[in-house]
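Worksheet for the structure shown next.
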Amino acid sequence: MFEVKNLNISYGNKNVLNDISFEVKKNDWFMILGPNGVGKSSLVNAISGSLSYEGTIKFKGIDIKNLPSKIKAQNIGILTQQHNVTYPYSVEEIVSLGRYAYRKSLFSSLSENDNMQIEEALLITGLNKYREDSILSLSGGELQRVFLAQVLAQDPKILILDEPANHLDLAYQEQIFTTISEWLQKDDRCVISIIHDLSVAKYYGNRGILLHNKQLIAKGNIEDVLESENLERAYRINVKSIMNERYGLWI
Ligand SMILES: Nc1ncnc2c1ncn2[C@@H]1O[C@H](COP(=O)(O)OP(=O)(O)OP(=O)(O)O)[C@@H](O)[C@H]1O
């Protein structure tokens, strides 16, 4: 469904990812794992088209560089960590922007299907009661849910999430991850997410990659990726024993 082949990413002379190849299949929840600064966000930025790269990224066999931007936006939804919130738009207005890729212009009216997708996104992210509130009045966690609702309203085939639980308390983390799991069951969809919490990666993910020193050191089934030796190599500490003994967490 989604294929990255021989990807290289550099900032000027600084190469950050080298010869990265992996495939994401239908209904995968694919985890991008690795320590700080290893290139996870750069990879997501390359996929979103905001960062240049060498190599190929294909969606259903088509190079994404050849996809018209509207088609790309109808198929690939990206939730980043940074949100620009300068103007007092309402929650509903921000979520409605998720339907932009389906509209003739920004000013054309919303279709019945647009409204249905917006309502569903507001409902499953628990934002109904905030729909008329200004986004400037929201907490970090509420804002994260608004942008998740926007990307769900977009109804993409691939949902790319850069730390989706950022700013969320435990109850909302649970709700958001469950919502995403349910979203993933329908049609031909997949989720690609950057996750730092390895126990969450193991619980929700089925496949993934582990990055270290510009390269992939593991890819495939999440249990194999999270093998002790791989984690120790990537993070330079005994991750499993620390997680298990100190925090009692299961990975
Ligand atoms: N705009 C930029 N210009 C130059 N170097 C950059 C730029 N953005 C990122 N980098 C560098 O690229 C490398 C990878 O950064 P990136 O943000 O992709 O890592 P990451 O794995 O997402 O990190 P984190 O887990 O801390 O969010 C880092 O060394 C970073 O300093």
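Residues are named by chain letter and number: chains run A, B, ... in the order of the structure tokens, numbers start at 1 in each chain, and ligands are numbered from 1 in the order shown.
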Would you mind writing down, as an MDAnalysis selection string, each residue of region 81-250 of chain A that DSSP on the backbone assigns to alpha helix (DSSP H)?
chainID A and resid 91:96 112:124 140:153 170:185 198:204 222:225 228:235 239:241
Set the cut-off to 10 Å, count only C-alpha atoms and all ligand atoms, and list whatever residues fall near ligand 1 as a PyMOL selection string.
chain A and resi 9-17+32-46+51+81+162-163+194-196+211-214
Write the residues you've just listed into a file as an mmCIF file, in the first residue's frame, and include C-alpha atoms for each of them.
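For reference, again27.cif as written:
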data_model
loop_
_atom_site.group_PDB
_atom_site.id
_atom_site.type_symbol
_atom_site.label_atom_id
_atom_site.label_comp_id
_atom_site.auth_asym_id
_atom_site.auth_seq_id
_atom_site.Cartn_x
_atom_site.Cartn_y
_atom_site.Cartn_z
ATOM 1 C CA ILE A 9 17.585 12.701 3.604
ATOM 2 C CA SER A 10 20.131 15.454 4.141
ATOM 3 C CA TYR A 11 20.095 18.993 5.492
ATOM 4 C CA GLY A 12 22.807 20.646 3.397
ATOM 5 C CA ASN A 13 25.924 18.533 3.922
ATOM 6 C CA LYS A 14 24.454 16.739 6.913
ATOM 7 C CA ASN A 15 23.027 13.345 5.998
ATOM 8 C CA VAL A 16 20.404 12.212 8.561
ATOM 9 C CA LEU A 17 18.860 9.122 6.930
ATOM 10 C CA ILE A 32 8.540 4.428 13.458
ATOM 11 C CA LEU A 33 10.850 4.024 16.432
ATOM 12 C CA GLY A 34 14.239 5.349 17.459
ATOM 13 C CA PRO A 35 16.005 7.754 19.808
ATOM 14 C CA ASN A 36 15.815 11.562 19.719
ATOM 15 C CA GLY A 37 17.330 13.173 16.663
ATOM 16 C CA VAL A 38 17.555 9.970 14.630
ATOM 17 C CA GLY A 39 15.404 11.298 11.786
ATOM 18 C CA LYS A 40 11.829 10.155 12.505
ATOM 19 C CA SER A 41 10.207 13.569 11.914
ATOM 20 C CA SER A 42 12.431 14.132 8.883
ATOM 21 C CA LEU A 43 11.054 10.895 7.433
ATOM 22 C CA VAL A 44 7.474 12.048 8.035
ATOM 23 C CA ASN A 45 8.277 15.479 6.558
ATOM 24 C CA ALA A 46 9.670 13.801 3.431
ATOM 25 C CA LEU A 51 11.283 18.077 2.867
ATOM 26 C CA GLN A 81 3.512 17.925 16.550
ATOM 27 C CA ASP A 162 3.916 12.249 14.769
ATOM 28 C CA GLU A 163 3.553 11.469 18.488
ATOM 29 C CA ILE A 194 6.147 7.972 15.447
ATOM 30 C CA ILE A 195 5.951 6.765 19.026
ATOM 31 C CA HIS A 196 8.455 7.153 21.844
ATOM 32 C CA LEU A 211 16.214 3.701 13.342
ATOM 33 C CA HIS A 212 19.748 4.143 14.612
ATOM 34 C CA ASN A 213 22.661 6.162 13.312
ATOM 35 C CA LYS A 214 20.972 7.151 9.995
#
Which residues, written as a list in words, have at least one atom at most 12 Å from Arg131 (chain A), with only C-alpha atoms counted and residues fewer than 6 positions away on the same chain left out?
Tyr89, Ser90, Val91, Glu92, Glu93, Ile94, Val95, Ser96, Ile118, Glu119, Ala121, Leu122, Leu123, Thr125, Ser137, Leu138, Glu142, Leu143, Arg145, Val146 and Ala149 of chain A
Selected residues written out, N, CA and C atoms, as a PDB file, in the first residue's frame:
ATOM      1  N   TYR A  89     -10.021  31.055  15.193  1.00  0.00           N
ATOM      2  CA  TYR A  89     -10.998  30.207  14.504  1.00  0.00           C
ATOM      3  C   TYR A  89     -11.677  29.308  15.517  1.00  0.00           C
ATOM      4  N   SER A  90     -12.906  28.875  15.181  1.00  0.00           N
ATOM      5  CA  SER A  90     -13.589  27.946  16.091  1.00  0.00           C
ATOM      6  C   SER A  90     -13.061  26.531  15.830  1.00  0.00           C
ATOM      7  N   VAL A  91     -13.304  25.669  16.810  1.00  0.00           N
ATOM      8  CA  VAL A  91     -12.917  24.265  16.678  1.00  0.00           C
ATOM      9  C   VAL A  91     -13.539  23.676  15.409  1.00  0.00           C
ATOM     10  N   GLU A  92     -14.821  23.962  15.201  1.00  0.00           N
ATOM     11  CA  GLU A  92     -15.521  23.397  14.042  1.00  0.00           C
ATOM     12  C   GLU A  92     -14.900  23.891  12.722  1.00  0.00           C
ATOM     13  N   GLU A  93     -14.515  25.163  12.682  1.00  0.00           N
ATOM     14  CA  GLU A  93     -13.896  25.687  11.456  1.00  0.00           C
ATOM     15  C   GLU A  93     -12.579  24.966  11.157  1.00  0.00           C
ATOM     16  N   ILE A  94     -11.798  24.733  12.199  1.00  0.00           N
ATOM     17  CA  ILE A  94     -10.502  24.060  11.995  1.00  0.00           C
ATOM     18  C   ILE A  94     -10.724  22.614  11.530  1.00  0.00           C
ATOM     19  N   VAL A  95     -11.684  21.934  12.144  1.00  0.00           N
ATOM     20  CA  VAL A  95     -11.959  20.542  11.750  1.00  0.00           C
ATOM     21  C   VAL A  95     -12.486  20.511  10.304  1.00  0.00           C
ATOM     22  N   SER A  96     -13.312  21.512   9.944  1.00  0.00           N
ATOM     23  CA  SER A  96     -13.882  21.570   8.580  1.00  0.00           C
ATOM     24  C   SER A  96     -12.796  21.685   7.516  1.00  0.00           C
ATOM     25  N   ILE A 118     -17.267  15.559   9.299  1.00  0.00           N
ATOM     26  CA  ILE A 118     -16.899  16.538  10.341  1.00  0.00           C
ATOM     27  C   ILE A 118     -17.570  16.170  11.662  1.00  0.00           C
ATOM     28  N   GLU A 119     -18.873  15.840  11.585  1.00  0.00           N
ATOM     29  CA  GLU A 119     -19.612  15.460  12.801  1.00  0.00           C
ATOM     30  C   GLU A 119     -18.991  14.232  13.453  1.00  0.00           C
ATOM     31  N   ALA A 121     -15.926  13.133  13.176  1.00  0.00           N
ATOM     32  CA  ALA A 121     -14.593  13.450  13.726  1.00  0.00           C
ATOM     33  C   ALA A 121     -14.723  14.194  15.053  1.00  0.00           C
ATOM     34  N   LEU A 122     -15.711  15.119  15.136  1.00  0.00           N
ATOM     35  CA  LEU A 122     -15.924  15.864  16.392  1.00  0.00           C
ATOM     36  C   LEU A 122     -16.386  14.914  17.499  1.00  0.00           C
ATOM     37  N   LEU A 123     -17.233  13.972  17.104  1.00  0.00           N
ATOM     38  CA  LEU A 123     -17.791  13.040  18.078  1.00  0.00           C
ATOM     39  C   LEU A 123     -16.721  12.115  18.638  1.00  0.00           C
ATOM     40  N   THR A 125     -13.569  12.344  18.771  1.00  0.00           N
ATOM     41  CA  THR A 125     -12.463  12.973  19.512  1.00  0.00           C
ATOM     42  C   THR A 125     -12.984  13.714  20.756  1.00  0.00           C
ATOM     43  N   SER A 137      -8.453  29.411  22.941  1.00  0.00           N
ATOM     44  CA  SER A 137      -8.821  29.231  24.355  1.00  0.00           C
ATOM     45  C   SER A 137      -8.583  27.800  24.829  1.00  0.00           C
ATOM     46  N   LEU A 138      -7.985  26.951  23.988  1.00  0.00           N
ATOM     47  CA  LEU A 138      -7.871  25.529  24.349  1.00  0.00           C
ATOM     48  C   LEU A 138      -6.524  25.186  24.985  1.00  0.00           C
ATOM     49  N   GLU A 142      -6.303  19.610  24.315  1.00  0.00           N
ATOM     50  CA  GLU A 142      -7.538  19.851  23.546  1.00  0.00           C
ATOM     51  C   GLU A 142      -7.188  20.227  22.105  1.00  0.00           C
ATOM     52  N   LEU A 143      -6.142  21.035  21.970  1.00  0.00           N
ATOM     53  CA  LEU A 143      -5.708  21.454  20.631  1.00  0.00           C
ATOM     54  C   LEU A 143      -5.224  20.260  19.803  1.00  0.00           C
ATOM     55  N   ARG A 145      -6.304  17.296  20.051  1.00  0.00           N
ATOM     56  CA  ARG A 145      -7.491  16.560  19.630  1.00  0.00           C
ATOM     57  C   ARG A 145      -8.180  17.263  18.460  1.00  0.00           C
ATOM     58  N   VAL A 146      -8.143  18.597  18.437  1.00  0.00           N
ATOM     59  CA  VAL A 146      -8.752  19.343  17.315  1.00  0.00           C
ATOM     60  C   VAL A 146      -8.042  18.976  16.005  1.00  0.00           C
ATOM     61  N   ALA A 149      -8.884  15.526  14.980  1.00  0.00           N
ATOM     62  CA  ALA A 149     -10.230  15.517  14.377  1.00  0.00           C
ATOM     63  C   ALA A 149     -10.156  16.028  12.934  1.00  0.00           C
TER      64      ALA A 149
END
Neighbour list for Asn8 (chain A) as number ranges by chain, cut-off 6 Å, only C-alpha atoms, skip fewer than 3 positions in-chain
A: 17-19, 53-54
Saved selection, atoms kept: N, CA and C atoms, as a compact mmCIF listing (two decimals), in the first residue's frame:
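This is the output file again_6.txt:
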# COMPACT_ATOMS: atom_id res chain seq x y z
N LEU A 17 19.36 10.48 7.17
CA LEU A 17 18.86 9.12 6.93
C LEU A 17 19.50 8.58 5.65
N ASN A 18 19.91 7.33 5.71
CA ASN A 18 20.67 6.76 4.60
C ASN A 18 20.12 5.40 4.19
N ASP A 19 19.65 5.32 2.97
CA ASP A 19 19.22 4.06 2.37
C ASP A 19 18.14 3.34 3.18
N TYR A 53 14.09 14.84 -0.68
CA TYR A 53 14.77 13.57 -0.39
C TYR A 53 15.23 12.93 -1.68
N GLU A 54 16.11 11.94 -1.55
CA GLU A 54 16.46 11.08 -2.68
C GLU A 54 15.83 9.72 -2.43
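Across A:Lys60, A:Lys65, A:Arg103, A:Lys240, the tightest approach to Ser48 (chain A) is made by A:Lys65 when counting only C-alpha atoms.
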Tell me, as a PyMOL selection string, which residues lie within 8 Å of Leu168 (chain A), counting only C-alpha atoms; anything in the same chain fewer than 2 positions away does not count.
chain A and resi 140-142+144+165-166+170-173
If we count only C-alpha atoms, what is near Ser69 (chain A) at a cut-off of 12 Å, once residues fewer than 4 positions away on the same chain are taken out, given as a list in words?
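Once the nearby chain positions are removed, what remains is Ser48, Gly49, Ile64, Lys65, Ala73, Gln74, Asn75, Ile76, Gly77, Tyr100, Ala101 and Tyr102 of chain A.
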Let's have the selection written as a short mmCIF file (atom, residue, chain, number, x, y, z; two decimals), in the first residue's frame, with C-alpha atoms.
data_model
loop_
_atom_site.label_atom_id
_atom_site.label_comp_id
_atom_site.auth_asym_id
_atom_site.auth_seq_id
_atom_site.Cartn_x
_atom_site.Cartn_y
_atom_site.Cartn_z
CA SER A 48 4.34 14.94 3.53
CA GLY A 49 6.34 16.69 0.80
CA ILE A 64 3.88 10.40 -4.49
CA LYS A 65 5.81 13.12 -6.32
CA ALA A 73 -4.52 15.10 0.49
CA GLN A 74 -7.50 12.79 -0.01
CA ASN A 75 -5.30 9.78 0.63
CA ILE A 76 -2.58 10.83 3.06
CA GLY A 77 -3.43 12.61 6.30
CA TYR A 100 -10.64 21.07 1.86
CA ALA A 101 -9.23 18.37 -0.45
CA TYR A 102 -12.80 17.38 -1.42
#
Go through region 192-238 of chain A and collect every residue that DSSP, computed from the backbone, puts in strand (DSSP E); the answer should be as a count of residues only.
16
